[in-house]
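What follows is a single structure, written as structure tokens, with notes after it.
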Amino acid sequence: MAIDIIFELIEKGNYDLYWSFILEDENSSNPFLNRRSYIKLLSSICSVAISPTPQIKEVAKIIIDNSNARIKDALHIATAAFAGCEYFITCDDRLIRTLNSNMDNIQYVLNNIKLFNPVEFLRKEMKINVIE
């Protein structure tokens with residue numbers, strides 16, 4: 001439900017959604033055709049598409065070297081930092097914990113991105129009381 005609310009806010013123009021090369025890569029590997037098609041459809045509401053750059057790869061390496069983040073996760077957050085995103089919203093609570101526990105070592109490359117899962121984003125940023 002929280003994700004649906006966030007997408008509604010994006011469709012209304014309250015927030016911008018960014019698409020990236022790493023999302024494209026992961027989606028193209030999705031073995032479920034229906035999910036792959038749905039995610040591709042969601043990409044159409046993205047206001048910006050980010051291509052790979054040496055800077056993104058460099059930031060991802062710093063994140064990997066200074067945390068327990070996996071390569072694809074590091075590329076996701078590095079892309080968001082490169083794009084100047086204000087929020088990084090993910091359902092991967094383990095990734096959020098990993099990044100937060102290593103924030104002292106990586107904050108300088110993350111450009112003050114706020115890390116949230118969808119429910120916490122609505123609770124803290126939107127002041128919406130969402131029941132999990």
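A note on labels: chains of the structure tokens are A, B, ... as shown, every chain counts residues from 1, and ligands are counted from 1 in their shown order.
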Original post:
Out of segment 19-104 of chain A, which residues get helix (DSSP H, G or I) from DSSP, as number ranges by chain?
Top reply: A: 21-28, 33-43, 54-65, 71-83, 93-101, 103-104
Per-residue nearest contacts segment 18-108 of chain A to segment 117-120 of chain A, cut-off 8 Å, using only C-alpha atoms, as a Markdown table:
| residue | atom | partner | partner_atom | distance |
| --- | --- | --- | --- | --- |
| A:Ile89 | CA | A:Asn117 | CA | 5.3 |
| A:Thr90 | CA | A:Asn117 | CA | 5.0 |
| A:Cys91 | CA | A:Asn117 | CA | 5.2 |
| A:Asp92 | CA | A:Asn117 | CA | 7.2 |
| A:Asp93 | CA | A:Asn117 | CA | 6.7 |
| A:Ile96 | CA | A:Asn117 | CA | 7.9 |
Original post:
Between atom CA of Lys114 of chain A and atom CA of Glu86 of chain A, what is the distance, to one decimal in Å?
Top reply: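 Computed distance, atom CA of Lys114 of chain A to atom CA of Glu86 of chain A, equals 6.3 Å.
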**OP:** Find the residue from A:Glu11, A:Ser67, A:Ser37, A:Tyr87 that sits nearest to Lys124 of chain A; use only C-alpha atoms when measuring.
**Re:** A:Tyr87
Original post:
With only C-alpha atoms as the basis for distance, which of A:Arg35, A:Lys127, A:Arg94, A:His76 is at the shortest distance from Ser51 of chain A?
Top reply: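 When distances to Ser51 of chain A are compared using only C-alpha atoms, the smallest one comes from A:His76.
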Original post:
Near Phe88 of chain A, within 8 Å and counting only C-alpha atoms, which residues show up once chain neighbours fewer than 4 positions away are dropped, as number ranges by chain?
Top reply: A: 77, 80, 113-116
Subject >> Given only C-alpha atoms as the counted atoms, nearest of A:Ile22, A:Asn129, A:Phe7, A:Leu99 to Leu75 of chain A >> reply: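 Residue with the minimum atom-to-atom distance to Leu75 of chain A: A:Ile22.
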Original post:
Between atom CA of Phe121 of chain A and atom CA of Ile3 of chain A, what is the spacing in Å?
Top reply: 9.9 Å
**OP:** Can you list, as a list in words, all residues belonging to chain A that DSSP tags as strand (DSSP E or B)?
**Re:**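 Taking chain A and keeping strand (DSSP E or B) only, one gets Tyr18, Trp19, Ser20, Val48, Ala49, Ile50, Tyr87, Phe88, Ile89, Lys114, Leu115 and Phe116 of chain A.
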Original post:
Pick the closest to Val109 of chain A from A:Pro31, A:Ala74, A:Arg97, A:Leu122: which is it, counting only C-alpha atoms?
Top reply: A:Ala74
Original post:
Hey, which of A:Asp25, A:Glu125, A:Asp65, A:Asp16 ends up closest to Gly84 of chain A? Count only C-alpha atoms.
Top reply: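 For Gly84 of chain A, the nearest of the candidates is A:Asp16.
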**OP:** Do a neighbour search on Ile39 of chain A at 10 Å with only C-alpha atoms, toss out local chain neighbours closer than 2 positions, and write the hits as a ChimeraX atom specification.
**Re:** /A:23-24,27-28,30,33-37,41-44
Go ahead and save the residues from that selection, with C-alpha atoms, as an mmCIF file, in the first residue's frame.
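New file part.cif:
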data_model
loop_
_atom_site.group_PDB
_atom_site.id
_atom_site.type_symbol
_atom_site.label_atom_id
_atom_site.label_comp_id
_atom_site.auth_asym_id
_atom_site.auth_seq_id
_atom_site.Cartn_x
_atom_site.Cartn_y
_atom_site.Cartn_z
ATOM 1 C CA LEU A 23 17.401 -0.849 -12.791
ATOM 2 C CA GLU A 24 17.274 -1.653 -16.509
ATOM 3 C CA ASN A 27 14.688 -5.748 -14.775
ATOM 4 C CA SER A 28 15.946 -7.369 -17.962
ATOM 5 C CA ASN A 30 13.735 -10.763 -14.144
ATOM 6 C CA LEU A 33 7.493 -11.715 -17.700
ATOM 7 C CA ASN A 34 4.532 -10.016 -15.974
ATOM 8 C CA ARG A 35 6.758 -8.350 -13.379
ATOM 9 C CA ARG A 36 9.326 -7.380 -16.013
ATOM 10 C CA SER A 37 6.591 -5.778 -18.136
ATOM 11 C CA LEU A 41 5.809 0.345 -17.622
ATOM 12 C CA LEU A 42 6.786 2.112 -14.389
ATOM 13 C CA SER A 43 9.933 3.351 -16.093
ATOM 14 C CA SER A 44 7.681 5.454 -18.331
#
**OP:** Determine, counting only C-alpha atoms, which protein, DNA and RNA residues have an atom within 7 Å of an atom of Tyr18 of chain A; residues of the same chain fewer than 5 positions away are not included. Present the result as a ChimeraX atom specification.
**Re:** /A:46-49
Original post:
Between atom CA of Asn102 of chain A and atom CA of Asn68 of chain A, what is the spacing in Å?
Top reply: 8.5 Å
**OP:** Do a neighbour search on Thr53 of chain A at 10 Å with only C-alpha atoms, toss out local chain neighbours closer than 5 positions, and write the hits as a PyMOL selection string.
**Re:** chain A and resi 58+79+82
Those residues with N, CA and C atoms, as a PDB file, in the first residue's frame please?
ATOM      1  N   GLU A  58      33.026   4.880  -9.469  1.00  0.00           N
ATOM      2  CA  GLU A  58      33.958   5.258  -8.409  1.00  0.00           C
ATOM      3  C   GLU A  58      33.248   5.356  -7.059  1.00  0.00           C
ATOM      4  N   THR A  79      24.257   5.712  -8.027  1.00  0.00           N
ATOM      5  CA  THR A  79      23.522   6.376  -9.103  1.00  0.00           C
ATOM      6  C   THR A  79      22.616   7.462  -8.541  1.00  0.00           C
ATOM      7  N   PHE A  82      24.814  10.362  -7.517  1.00  0.00           N
ATOM      8  CA  PHE A  82      25.277  11.059  -8.721  1.00  0.00           C
ATOM      9  C   PHE A  82      24.169  11.949  -9.295  1.00  0.00           C
TER      10      PHE A  82
END
